[in-house]
>>> print(open('data.tsv').read())   # TSV, C-alpha atoms
chain	number	residue	atom	x	y	z
H	1	MET	CA	35.97	-14.21	3.62
H	2	LEU	CA	33.06	-13.48	5.87
H	3	THR	CA	29.96	-12.24	4.10
H	4	LEU	CA	27.31	-10.50	6.16
H	5	LEU	CA	23.79	-9.45	5.32
H	6	LEU	CA	22.78	-6.33	7.21
H	7	PRO	CA	19.09	-5.51	6.79
H	8	VAL	CA	18.41	-1.93	7.92
H	9	ASP	CA	15.28	0.18	8.33
H	10	GLY	CA	16.69	3.35	9.86
H	11	SER	CA	15.47	2.51	13.36
H	12	GLU	CA	17.66	2.68	16.45
H	13	TYR	CA	17.62	-1.10	16.58
H	14	SER	CA	19.06	-1.42	13.11
H	15	ASP	CA	21.65	1.23	14.06
H	16	ARG	CA	22.74	-0.88	16.98
H	17	ALA	CA	22.88	-3.93	14.75
H	18	LEU	CA	25.28	-2.04	12.47
H	19	ASP	CA	27.43	-1.11	15.46
H	20	TYR	CA	27.53	-4.75	16.42
H	21	ALA	CA	28.43	-5.82	12.89
H	22	ILE	CA	31.30	-3.32	12.83
H	23	ALA	CA	32.56	-4.56	16.18
H	24	ARG	CA	32.20	-8.14	14.99
H	25	ALA	CA	34.15	-7.41	11.82
H	26	ALA	CA	36.95	-5.93	13.89
H	27	THR	CA	37.42	-9.19	15.76
H	28	THR	CA	37.92	-11.38	12.72
H	29	ARG	CA	41.03	-11.70	10.58
H	30	ASP	CA	38.94	-12.59	7.55
H	31	THR	CA	38.06	-9.97	5.01
H	32	VAL	CA	34.51	-8.92	5.73
H	33	HIS	CA	32.08	-8.05	3.00
H	34	ALA	CA	28.70	-6.58	3.89
H	35	HIS	CA	25.46	-6.48	1.94
H	36	VAL	CA	23.29	-3.69	3.26
H	37	LEU	CA	19.63	-4.22	2.44
H	38	THR	CA	16.53	-2.19	3.03
H	39	VAL	CA	13.08	-3.47	2.13
H	40	GLN	CA	10.21	-1.24	1.06
H	41	ALA	CA	6.66	-2.39	1.60
H	42	PRO	CA	4.89	-2.62	-1.76
H	43	ILE	CA	2.02	-0.17	-2.11
H	44	VAL	CA	-0.90	-2.16	-3.46
H	45	THR	CA	-3.91	0.04	-2.78
H	46	VAL	CA	-6.42	0.85	-5.46
H	47	ASN	CA	-6.04	4.61	-5.82
H	48	VAL	CA	-2.29	4.27	-6.12
H	49	LYS	CA	-2.90	1.73	-8.89
H	50	LEU	CA	-5.25	4.18	-10.59
H	51	PHE	CA	-3.01	7.22	-10.42
H	52	VAL	CA	0.58	6.16	-10.11
H	53	SER	CA	2.56	4.27	-12.73
H	54	GLN	CA	4.91	1.42	-11.97
H	55	ASP	CA	7.74	3.72	-13.00
H	56	SER	CA	7.11	6.48	-10.50
H	57	LEU	CA	6.42	3.93	-7.83
H	58	GLN	CA	9.82	2.34	-8.49
H	59	THR	CA	11.44	5.75	-8.28
H	60	TYR	CA	9.62	6.33	-5.02
H	61	TYR	CA	10.81	3.01	-3.55
H	62	ARG	CA	14.33	3.80	-4.69
H	63	GLU	CA	14.31	7.27	-3.15
H	64	GLU	CA	12.83	6.08	0.12
H	65	GLY	CA	15.26	3.16	0.25
H	66	THR	CA	18.22	5.39	-0.53
H	67	LYS	CA	17.32	7.65	2.38
H	68	ILE	CA	17.62	4.68	4.69
H	69	LEU	CA	20.70	3.16	3.09
H	70	GLU	CA	22.89	6.25	2.90
H	71	PRO	CA	23.55	6.76	6.62
H	72	ALA	CA	24.13	3.03	7.04
H	73	LEU	CA	26.63	2.94	4.17
H	74	ALA	CA	28.40	6.01	5.52
H	75	LYS	CA	28.69	4.38	8.91
H	76	LEU	CA	30.18	1.19	7.46
H	77	ALA	CA	32.51	3.13	5.17
H	78	ALA	CA	33.75	5.13	8.14
H	79	ALA	CA	34.59	1.86	9.84
H	80	GLY	CA	36.46	0.73	6.74
H	81	LEU	CA	34.02	-2.01	5.77
H	82	SER	CA	33.21	-2.71	2.15
H	83	ALA	CA	29.48	-2.75	1.62
H	84	GLU	CA	27.06	-3.20	-1.24
H	85	PRO	CA	23.68	-1.46	-1.14
H	86	HIS	CA	20.45	-3.27	-1.98
H	87	ILE	CA	16.86	-2.12	-2.04
H	88	GLY	CA	14.18	-4.78	-2.12
H	89	VAL	CA	10.41	-4.49	-2.37
H	90	GLY	CA	8.05	-6.94	-0.74
H	91	ASP	CA	7.42	-8.74	2.48
H	92	ALA	CA	10.44	-7.70	4.56
H	93	GLY	CA	11.12	-11.03	6.27
H	94	LYS	CA	10.88	-13.01	3.07
H	95	VAL	CA	12.98	-10.58	1.03
H	96	VAL	CA	15.74	-10.62	3.66
H	97	VAL	CA	15.92	-14.41	3.55
H	98	ASP	CA	15.81	-14.44	-0.27
H	99	TYR	CA	18.79	-12.09	-0.35
H	100	ALA	CA	20.66	-14.17	2.20
H	101	VAL	CA	20.28	-17.19	-0.08
H	102	GLU	CA	20.98	-15.34	-3.32
H	103	LYS	CA	24.12	-13.63	-2.01
H	104	ALA	CA	25.21	-16.75	-0.13
H	105	VAL	CA	25.89	-14.84	3.06
H	106	ASP	CA	27.37	-16.50	6.13
H	107	GLU	CA	25.32	-14.59	8.63
H	108	ILE	CA	22.44	-12.12	8.96
H	109	ILE	CA	22.81	-9.39	11.56
H	110	MET	CA	19.73	-7.28	12.23
H	111	GLY	CA	17.79	-5.37	14.85
H	112	SER	CA	15.25	-7.29	16.90
H	113	HIS	CA	12.52	-4.72	16.34
H	114	GLY	CA	11.63	-2.59	13.39
H	115	ARG	CA	10.01	0.79	13.23
H	116	GLY	CA	6.65	1.45	14.78
H	117	VAL	CA	5.48	-0.12	18.02
H	118	LEU	CA	1.91	-0.58	16.85
H	119	ALA	CA	2.85	-2.14	13.53
H	120	GLY	CA	5.12	-4.56	15.36
H	121	ALA	CA	2.46	-5.56	17.83
H	122	LEU	CA	-0.13	-5.97	15.13
H	123	VAL	CA	1.70	-7.93	12.46
H	124	GLY	CA	4.42	-9.68	14.33
H	125	SER	CA	8.04	-9.00	13.90
H	126	VAL	CA	10.13	-9.23	10.77
H	127	ALA	CA	12.97	-10.58	12.88
H	128	GLN	CA	10.83	-13.52	13.92
H	129	LYS	CA	10.12	-14.40	10.32
H	130	VAL	CA	13.77	-14.15	9.33
H	131	VAL	CA	14.82	-16.41	12.21
H	132	HIS	CA	12.14	-18.85	11.20
H	133	LEU	CA	12.95	-18.97	7.48
H	134	SER	CA	16.67	-18.30	7.30
H	135	PRO	CA	19.04	-21.15	6.36
H	136	VAL	CA	22.01	-19.25	7.83
H	137	PRO	CA	22.66	-18.07	11.40
H	138	VAL	CA	20.83	-14.90	12.40
H	139	VAL	CA	22.08	-12.48	15.02
H	140	LEU	CA	19.36	-10.31	16.56
H	141	VAL	CA	20.65	-7.17	18.24
H	142	LYS	CA	18.52	-5.60	20.95
R	1	MET	CA	-32.69	-0.35	9.29
R	2	GLU	CA	-32.73	-0.22	13.06
R	3	MET	CA	-29.71	-0.37	15.27
R	4	SER	CA	-31.01	-3.63	16.64
R	5	SER	CA	-31.08	-5.32	13.25
R	6	PRO	CA	-28.07	-7.26	12.02
R	7	ASP	CA	-28.39	-5.48	8.66
R	8	PHE	CA	-27.40	-2.25	10.35
R	9	TRP	CA	-24.22	-3.71	11.77
R	10	ILE	CA	-23.34	-5.49	8.54
R	11	ALA	CA	-23.71	-2.21	6.67
R	12	LEU	CA	-21.58	-0.48	9.30
R	13	GLY	CA	-18.82	-3.06	8.87
R	14	GLN	CA	-19.00	-2.70	5.10
R	15	ILE	CA	-18.70	1.07	5.37
R	16	ILE	CA	-15.64	0.83	7.60
R	17	MET	CA	-14.05	-1.57	5.12
R	18	ILE	CA	-14.79	0.74	2.21
R	19	ASP	CA	-13.32	3.72	4.03
R	20	ILE	CA	-10.16	1.74	4.69
R	21	LEU	CA	-9.91	0.51	1.09
R	22	LEU	CA	-10.75	3.73	-0.70
R	23	GLY	CA	-9.59	6.37	1.78
R	24	GLY	CA	-6.50	4.84	3.29
R	25	ASP	CA	-4.16	5.58	0.42
R	26	ASN	CA	-5.31	9.06	-0.56
R	27	ALA	CA	-2.56	10.67	1.48
R	28	VAL	CA	-0.03	8.43	-0.29
R	29	VAL	CA	-1.25	9.48	-3.73
R	30	ILE	CA	-1.07	13.14	-2.68
R	31	ALA	CA	2.40	12.69	-1.22
R	32	LEU	CA	3.58	10.96	-4.42
R	33	ALA	CA	2.21	13.80	-6.53
R	34	SER	CA	3.95	16.51	-4.54
R	35	ARG	CA	7.18	14.61	-4.06
R	36	ARG	CA	9.25	16.80	-6.36
R	37	LEU	CA	8.19	20.17	-5.01
R	38	PRO	CA	10.51	22.25	-2.84
R	39	ASP	CA	10.06	21.49	0.83
R	40	ALA	CA	7.87	24.41	1.89
R	41	GLN	CA	5.58	24.04	-1.12
R	42	ARG	CA	5.39	20.31	-0.68
R	43	LYS	CA	4.04	20.64	2.81
R	44	LYS	CA	1.45	23.12	1.58
R	45	ALA	CA	0.46	20.90	-1.35
R	46	ILE	CA	0.04	17.89	0.94
R	47	PHE	CA	-1.99	19.88	3.44
R	48	TRP	CA	-4.36	21.31	0.84
R	49	GLY	CA	-4.54	18.01	-1.00
R	50	ILE	CA	-5.71	16.21	2.13
R	51	PHE	CA	-7.99	19.10	3.01
R	52	GLY	CA	-9.52	18.81	-0.47
R	53	ALA	CA	-9.99	15.05	-0.12
R	54	VAL	CA	-11.94	15.57	3.10
R	55	ALA	CA	-13.89	18.62	1.92
R	56	LEU	CA	-14.94	16.95	-1.33
R	57	ARG	CA	-16.37	14.02	0.59
R	58	VAL	CA	-18.42	16.35	2.77
R	59	VAL	CA	-19.81	18.12	-0.28
R	60	LEU	CA	-20.40	14.94	-2.27
R	61	ILE	CA	-22.14	13.05	0.48
R	62	PHE	CA	-24.82	15.74	0.69
R	63	PHE	CA	-25.56	15.27	-2.98
R	64	ALA	CA	-24.94	11.55	-3.15
R	65	LEU	CA	-28.22	10.48	-1.59
R	66	GLN	CA	-30.16	12.82	-3.86
R	67	LEU	CA	-28.10	11.98	-6.93
R	68	LEU	CA	-28.57	8.27	-6.50
R	69	LYS	CA	-32.33	8.74	-6.97
R	70	ILE	CA	-31.74	9.98	-10.51
R	71	PRO	CA	-32.35	7.24	-13.12
R	72	PHE	CA	-29.27	5.30	-14.24
R	73	LEU	CA	-26.95	6.87	-11.67
R	74	LYS	CA	-27.01	3.81	-9.44
R	75	ILE	CA	-26.23	1.68	-12.47
R	76	ILE	CA	-23.28	3.89	-13.32
R	77	GLY	CA	-22.16	4.02	-9.70
R	78	GLY	CA	-22.47	0.25	-9.39
R	79	LEU	CA	-20.44	-0.30	-12.54
R	80	LEU	CA	-17.80	2.08	-11.23
R	81	LEU	CA	-17.55	0.04	-8.02
R	82	LEU	CA	-17.19	-3.16	-10.06
R	83	TYR	CA	-14.39	-1.52	-12.03
R	84	ILE	CA	-12.63	-0.31	-8.87
R	85	GLY	CA	-12.94	-3.80	-7.39
R	86	ILE	CA	-11.33	-5.41	-10.43
R	87	LYS	CA	-8.64	-2.75	-10.43
R	88	LEU	CA	-7.88	-3.58	-6.81
R	89	LEU	CA	-6.98	-7.14	-7.79
R	90	MET	CA	-4.86	-6.18	-10.78
R	91	PRO	CA	-1.14	-5.60	-10.60
R	92	GLN	CA	0.25	-2.12	-11.01
R	93	ASP	CA	-0.12	-0.59	-14.46
R	94	ASP	CA	2.98	0.19	-16.41
R	95	GLY	CA	1.84	3.21	-18.27
R	96	GLY	CA	-1.32	5.13	-18.83
R	97	HIS	CA	-2.65	7.44	-16.20
R	98	ASP	CA	0.54	8.45	-14.54
R	99	ILE	CA	0.28	11.07	-11.92
R	100	ASP	CA	3.14	13.39	-12.62
R	101	ALA	CA	5.29	14.31	-9.73
R	102	SER	CA	5.48	17.83	-11.03
R	103	THR	CA	8.24	20.20	-10.04
R	104	HIS	CA	5.84	23.14	-10.31
R	105	LEU	CA	3.26	23.93	-7.72
R	106	PHE	CA	0.55	24.36	-10.34
R	107	GLY	CA	1.23	20.99	-11.95
R	108	ALA	CA	1.16	19.21	-8.60
R	109	VAL	CA	-2.04	21.00	-7.57
R	110	LYS	CA	-3.71	20.00	-10.83
R	111	THR	CA	-2.93	16.31	-10.41
R	112	ILE	CA	-3.91	16.41	-6.74
R	113	VAL	CA	-7.27	18.01	-7.54
R	114	ILE	CA	-8.07	15.39	-10.20
R	115	ALA	CA	-6.98	12.54	-7.94
R	116	ASP	CA	-8.95	14.00	-5.03
R	117	ALA	CA	-12.09	14.19	-7.14
R	118	VAL	CA	-11.91	10.59	-8.38
R	119	MET	CA	-10.91	9.18	-5.01
R	120	SER	CA	-13.78	10.98	-3.28
R	121	VAL	CA	-16.38	9.97	-5.82
R	122	ASP	CA	-15.65	6.26	-5.55
R	123	ASN	CA	-15.49	6.45	-1.75
R	124	VAL	CA	-18.78	8.30	-1.48
R	125	ILE	CA	-20.59	5.99	-3.91
R	126	GLY	CA	-19.31	3.03	-1.94
R	127	ILE	CA	-20.55	4.49	1.34
R	128	ALA	CA	-23.92	5.42	-0.12
R	129	GLY	CA	-24.31	1.96	-1.64
R	130	ALA	CA	-23.49	0.17	1.59
R	131	ALA	CA	-25.66	2.50	3.70
R	132	LYS	CA	-28.73	1.85	1.52
R	133	ASP	CA	-30.24	5.30	2.07
R	134	HIS	CA	-29.73	5.23	5.83
R	135	LEU	CA	-28.70	8.83	6.49
R	136	GLY	CA	-27.08	8.09	9.86
R	137	LEU	CA	-24.85	5.45	8.30
R	138	VAL	CA	-23.89	7.76	5.45
R	139	ILE	CA	-22.82	10.43	7.90
R	140	PHE	CA	-20.93	7.90	9.98
R	141	GLY	CA	-19.15	6.61	6.89
R	142	LEU	CA	-18.13	10.11	5.98
R	143	LEU	CA	-16.89	11.00	9.46
R	144	PHE	CA	-15.04	7.73	9.76
R	145	SER	CA	-13.22	8.29	6.47
R	146	ILE	CA	-11.66	11.53	7.71
R	147	PRO	CA	-9.23	10.12	10.32
R	148	ILE	CA	-8.41	7.29	7.91
R	149	ILE	CA	-7.43	9.73	5.19
R	150	ILE	CA	-5.38	11.87	7.55
R	151	TRP	CA	-3.69	9.32	9.79
R	152	GLY	CA	-4.53	5.92	8.41
R	153	SER	CA	-2.22	5.45	5.45
R	154	ARG	CA	0.63	3.76	7.27
R	155	PHE	CA	-1.74	1.38	9.01
R	156	VAL	CA	-3.67	0.62	5.83
R	157	LEU	CA	-0.55	-0.01	3.76
R	158	THR	CA	0.85	-2.36	6.40
R	159	LEU	CA	-2.47	-4.13	6.73
R	160	MET	CA	-2.82	-4.75	3.00
R	161	ASP	CA	0.80	-5.74	2.66
R	162	ARG	CA	0.75	-8.28	5.45
R	163	PHE	CA	-2.72	-9.66	4.88
R	164	PRO	CA	-3.20	-9.93	1.13
R	165	LEU	CA	-6.58	-11.55	1.75
R	166	VAL	CA	-7.87	-8.10	2.75
R	167	ILE	CA	-7.50	-7.13	-0.89
R	168	VAL	CA	-9.55	-10.07	-2.15
R	169	PHE	CA	-12.24	-9.50	0.48
R	170	GLY	CA	-12.23	-5.80	-0.33
R	171	ALA	CA	-12.65	-6.46	-4.04
R	172	ALA	CA	-15.48	-8.92	-3.34
R	173	LEU	CA	-17.15	-6.35	-1.08
R	174	LEU	CA	-16.97	-3.67	-3.77
R	175	GLY	CA	-18.49	-6.16	-6.23
R	176	TRP	CA	-21.21	-7.07	-3.72
R	177	ILE	CA	-22.20	-3.45	-3.15
R	178	GLY	CA	-21.88	-2.61	-6.84
R	179	GLY	CA	-24.02	-5.56	-7.94
R	180	GLY	CA	-26.73	-4.78	-5.41
R	181	MET	CA	-26.68	-1.13	-6.36
R	182	ILE	CA	-27.23	-1.79	-10.06
R	183	VAL	CA	-30.53	-3.64	-9.54
R	184	ASP	CA	-31.64	-0.98	-7.05
R	185	ASP	CA	-31.64	1.73	-9.71
R	186	VAL	CA	-34.88	3.64	-10.15
R	187	VAL	CA	-35.07	2.55	-13.78
R	188	LEU	CA	-35.24	-1.11	-12.79
R	189	LYS	CA	-37.66	-0.57	-9.95
R	190	ASP	CA	-40.81	-1.80	-11.67
R	191	TRP	CA	-39.03	-4.82	-12.99
R	192	ALA	CA	-37.15	-5.63	-9.78
R	193	THR	CA	-39.76	-5.01	-7.08
R	194	PRO	CA	-41.63	-8.34	-7.42
R	195	TYR	CA	-38.40	-10.25	-6.87
R	196	GLY	CA	-37.54	-8.24	-3.72
R	197	ALA	CA	-34.64	-9.15	-1.49
R	198	PRO	CA	-33.61	-12.37	-3.27
R	199	LEU	CA	-32.91	-10.40	-6.43
R	200	HIS	CA	-30.92	-7.80	-4.54
R	201	TYR	CA	-28.76	-10.39	-2.79
R	202	GLY	CA	-28.46	-12.47	-5.94
R	203	ALA	CA	-27.19	-9.48	-7.87
R	204	ALA	CA	-24.85	-8.59	-5.00
R	205	ALA	CA	-23.40	-12.10	-4.94
R	206	ALA	CA	-23.09	-12.08	-8.73
R	207	GLY	CA	-21.24	-8.77	-8.53
R	208	ALA	CA	-18.82	-10.11	-5.93
R	209	LEU	CA	-18.15	-13.28	-7.93
R	210	PHE	CA	-17.76	-11.30	-11.14
R	211	VAL	CA	-15.19	-8.92	-9.65
R	212	VAL	CA	-13.10	-11.65	-8.06
R	213	ALA	CA	-13.23	-13.91	-11.14
R	214	VAL	CA	-12.42	-11.17	-13.66
R	215	GLY	CA	-9.82	-9.57	-11.40
R	216	LYS	CA	-8.02	-12.85	-10.80
R	217	LEU	CA	-8.17	-13.78	-14.47
R	218	LEU	CA	-6.75	-10.45	-15.63
R	219	ALA	CA	-4.13	-10.49	-12.90
R	220	ARG	CA	-2.97	-13.92	-14.06
R	221	ARG	CA	-2.64	-12.70	-17.63
R	222	ALA	CA	-0.79	-9.51	-16.78
R	223	PRO	CA	2.97	-9.78	-16.62
R	224	VAL	CA	4.37	-9.84	-13.11
R	225	PRO	CA	5.40	-6.27	-12.36
R	226	ALA	CA	9.03	-5.80	-11.52
R	227	ALA	CA	8.39	-4.67	-7.97
R	228	HIS	CA	6.73	-7.91	-7.01
R	229	ALA	CA	9.08	-10.21	-8.82
R	230	PRO	CA	11.56	-11.75	-6.44
R	231	LEU	CA	14.78	-9.92	-5.82
R	232	VAL	CA	14.69	-6.93	-8.05
R	233	ASP	CA	17.44	-4.75	-6.78
R	234	LEU	CA	16.51	-1.09	-6.90
R	235	ALA	CA	19.76	0.13	-5.46
R	236	SER	CA	21.62	1.83	-8.25
R	237	GLN	CA	24.62	3.94	-8.97
R	238	ASP	CA	23.02	6.99	-7.43
R	239	ILE	CA	23.86	5.56	-4.04
R	240	ALA	CA	27.43	6.31	-3.13
R	241	THR	CA	29.11	2.94	-2.85
R	242	PRO	CA	32.45	2.72	-1.14
R	243	ALA	CA	35.19	2.37	-3.74
R	244	GLU	CA	35.71	-1.10	-5.19
R	245	PRO	CA	33.27	-3.29	-3.35
R	246	THR	CA	34.83	-6.68	-2.87
R	247	PRO	CA	33.22	-9.26	-5.13
R	248	ILE	CA	31.66	-12.23	-3.47
R	249	ASN	CA	33.56	-15.38	-4.24
R	250	LYS	CA	32.20	-17.65	-1.64
R	251	PRO	CA	32.47	-21.35	-2.38
R	252	SER	CA	29.13	-22.80	-3.30
R	253	ASP	CA	29.44	-25.53	-0.69
R	254	PRO	CA	29.54	-23.81	2.67
R	255	SER	CA	30.55	-26.95	4.53
>>> encode(input="data.tsv", output="structure tokens")
Amino acid sequence: MLTLLLPVDGSEYSDRALDYAIARAATTRDTVHAHVLTVQAPIVTVNVKLFVSQDSLQTYYREEGTKILEPALAKLAAAGLSAEPHIGVGDAGKVVVDYAVEKAVDEIIMGSHGRGVLAGALVGSVAQKVVHLSPVPVVLVK
Amino acid sequence: MEMSSPDFWIALGQIIMIDILLGGDNAVVIALASRRLPDAQRKKAIFWGIFGAVALRVVLIFFALQLLKIPFLKIIGGLLLLYIGIKLLMPQDDGGHDIDASTHLFGAVKTIVIADAVMSVDNVIGIAGAAKDHLGLVIFGLLFSIPIIIWGSRFVLTLMDRFPLVIVFGAALLGWIGGGMIVDDVVLKDWATPYGAPLHYGAAAAGALFVVAVGKLLARRAPVPAAHAPLVDLASQDIATPAEPTPINKPSDPS
């Protein structure tokens, strides 16, 4: 069985990465199992700490993550791929690699760029970090 | 303070930092509070919430410089900044002061108004403390906070997420300003004047050290909140999973 980790963020790049993963799955005779993961940035600012409980913050992460996961899951389901949804919170690159290890995936397939041109230019790309840290092969889709 | 003096530029940098720390997430708090409202009302609540956050700062800043001349107010303001600084270093609370994401417009408005008031007060005290009675700097600090409140949240959240040191520096800065502010209070004037600048900077440094030490200590004691623990999976049944996801039964040795 081929196990794939598909990190998504709702951007066009991650959409194209899904397309690629579907095409890739079609070429193999193995059963393909996909883990679809989206990572929410933790909100650590002081006013949020003062006014928002851990509980509502979790709900917020879950809702925001679900918004991103649903279209991706629908797309994979339409292609007949079995997929498990995951929502992580933390540093995106690190969380992706942690999941890859925990779920023992064979491959990570993701977009080369995330959302937001400015954020990407300023903080460097998540993809770069994943490539750097990942113990398994990473496919970056442009 | 003249524009040619380094003090002016240091104060300016401090004010920018405070605006980022204390203004950058206001829009997030407001959005979280109005999350459960119907769409049209939510947009209204967010608009008026942000409008309130800006308007309150304008009103408060006019009073802040006068207010801070009243005995004990600088002490109280300084202590508040110390508290905010420690809070910045602490992990998320589990209970307590939960903003309720009310489904009624009135409930959401109430929480937004309270949050707006508190968020503005700490921001304005921070600006006033850093500006040290320089009116131009106070006005700059106020004007600068407005775009940060309105457009800055995404940038600020990313910044703090990617560079956790910003949080420690921010907490130390709040402690520095708070500590300096306490010994500047009118009540302590007679006692403090002979010691002059060394006392002010000593108190500022003590404030910064205090905030970082206490914040770190409390953070170490507090249990690691779920969101920051590794690999907590928030995906739950409410996401439509395709029927019967295949279990993973990969051999542990991939070779």
>>> interface_residues(input="data.tsv", of="chain H", to="chain R", cutoff="6 Å", atoms="only C-alpha atoms", output="list in words")
Val46, Val48, Lys49, Phe51, Val52, Ser53, Gln54, Arg62, Ser82, His86, Ile87, Gly88 and Val89 of chain H
>>> closest_residue(input="data.tsv", among="R:Leu173, R:Val186, R:Val109, R:Val121", to="R:Met17", atoms="all atoms listed in the file")
R:Leu173
>>> residues_around(input="data.tsv", residues="R:Gly78", least_positions_apart="2", cutoff="10 Å", atoms="only C-alpha atoms", output="NGL selection string")
:R and (72-76 or 80-84 or 122 or 125-126 or 129 or 174-185 or 207)
>>> write_last_selection(input="data.tsv", atoms="C-alpha atoms", output="mmCIF file, in the coordinates of the input")
data_model
loop_
_atom_site.group_PDB
_atom_site.id
_atom_site.type_symbol
_atom_site.label_atom_id
_atom_site.label_comp_id
_atom_site.auth_asym_id
_atom_site.auth_seq_id
_atom_site.Cartn_x
_atom_site.Cartn_y
_atom_site.Cartn_z
ATOM 1 C CA PHE R 72 -29.270 5.300 -14.240
ATOM 2 C CA LEU R 73 -26.950 6.870 -11.670
ATOM 3 C CA LYS R 74 -27.010 3.810 -9.440
ATOM 4 C CA ILE R 75 -26.230 1.680 -12.470
ATOM 5 C CA ILE R 76 -23.280 3.890 -13.320
ATOM 6 C CA LEU R 80 -17.800 2.080 -11.230
ATOM 7 C CA LEU R 81 -17.550 0.040 -8.020
ATOM 8 C CA LEU R 82 -17.190 -3.160 -10.060
ATOM 9 C CA TYR R 83 -14.390 -1.520 -12.030
ATOM 10 C CA ILE R 84 -12.630 -0.310 -8.870
ATOM 11 C CA ASP R 122 -15.650 6.260 -5.550
ATOM 12 C CA ILE R 125 -20.590 5.990 -3.910
ATOM 13 C CA GLY R 126 -19.310 3.030 -1.940
ATOM 14 C CA GLY R 129 -24.310 1.960 -1.640
ATOM 15 C CA LEU R 174 -16.970 -3.670 -3.770
ATOM 16 C CA GLY R 175 -18.490 -6.160 -6.230
ATOM 17 C CA TRP R 176 -21.210 -7.070 -3.720
ATOM 18 C CA ILE R 177 -22.200 -3.450 -3.150
ATOM 19 C CA GLY R 178 -21.880 -2.610 -6.840
ATOM 20 C CA GLY R 179 -24.020 -5.560 -7.940
ATOM 21 C CA GLY R 180 -26.730 -4.780 -5.410
ATOM 22 C CA MET R 181 -26.680 -1.130 -6.360
ATOM 23 C CA ILE R 182 -27.230 -1.790 -10.060
ATOM 24 C CA VAL R 183 -30.530 -3.640 -9.540
ATOM 25 C CA ASP R 184 -31.640 -0.980 -7.050
ATOM 26 C CA ASP R 185 -31.640 1.730 -9.710
ATOM 27 C CA GLY R 207 -21.240 -8.770 -8.530
#
>>> atom_distance(input="data.tsv", atom1="atom CA of H:Thr3", atom2="atom CA of H:Val32")
5.9 Å
>>> closest_residue(input="data.tsv", among="H:Ser134, H:Thr38, H:Thr31, H:Ser14", to="H:Glu64", atoms="all atoms listed in the file")
H:Thr38
>>> atom_distance(input="data.tsv", atom1="atom CA of R:Phe62", atom2="atom CA of R:Lys132")
14.5 Å
>>> closest_residue(input="data.tsv", among="R:Asp19, R:Pro6, R:Gln66, R:Ile139", to="R:Gly152", atoms="all atoms listed in the file")
R:Asp19
>>> atom_distance(input="data.tsv", atom1="atom CA of R:Ile149", atom2="atom CA of R:Ala40")
21.5 Å
>>> closest_residue(input="data.tsv", among="R:Met3, R:Ala108, R:Ala64, R:Ile18", to="R:Pro38", atoms="all atoms listed in the file")
R:Ala108
>>> residues_around(input="data.tsv", residues="H:Gln128", least_positions_apart="2", cutoff="10 Å", atoms="only C-alpha atoms", output="VMD selection string")
chain H and resid 93 112 to 113 124 to 126 130 to 133 140
>>> write_last_selection(input="data.tsv", atoms="C-alpha atoms", output="PDB file, in the frame of the given file")
ATOM      1  CA  GLY H  93      11.120 -11.030   6.270  1.00  0.00           C
ATOM      2  CA  SER H 112      15.250  -7.290  16.900  1.00  0.00           C
ATOM      3  CA  HIS H 113      12.520  -4.720  16.340  1.00  0.00           C
ATOM      4  CA  GLY H 124       4.420  -9.680  14.330  1.00  0.00           C
ATOM      5  CA  SER H 125       8.040  -9.000  13.900  1.00  0.00           C
ATOM      6  CA  VAL H 126      10.130  -9.230  10.770  1.00  0.00           C
ATOM      7  CA  VAL H 130      13.770 -14.150   9.330  1.00  0.00           C
ATOM      8  CA  VAL H 131      14.820 -16.410  12.210  1.00  0.00           C
ATOM      9  CA  HIS H 132      12.140 -18.850  11.200  1.00  0.00           C
ATOM     10  CA  LEU H 133      12.950 -18.970   7.480  1.00  0.00           C
ATOM     11  CA  LEU H 140      19.360 -10.310  16.560  1.00  0.00           C
TER      12      LEU H 140
END
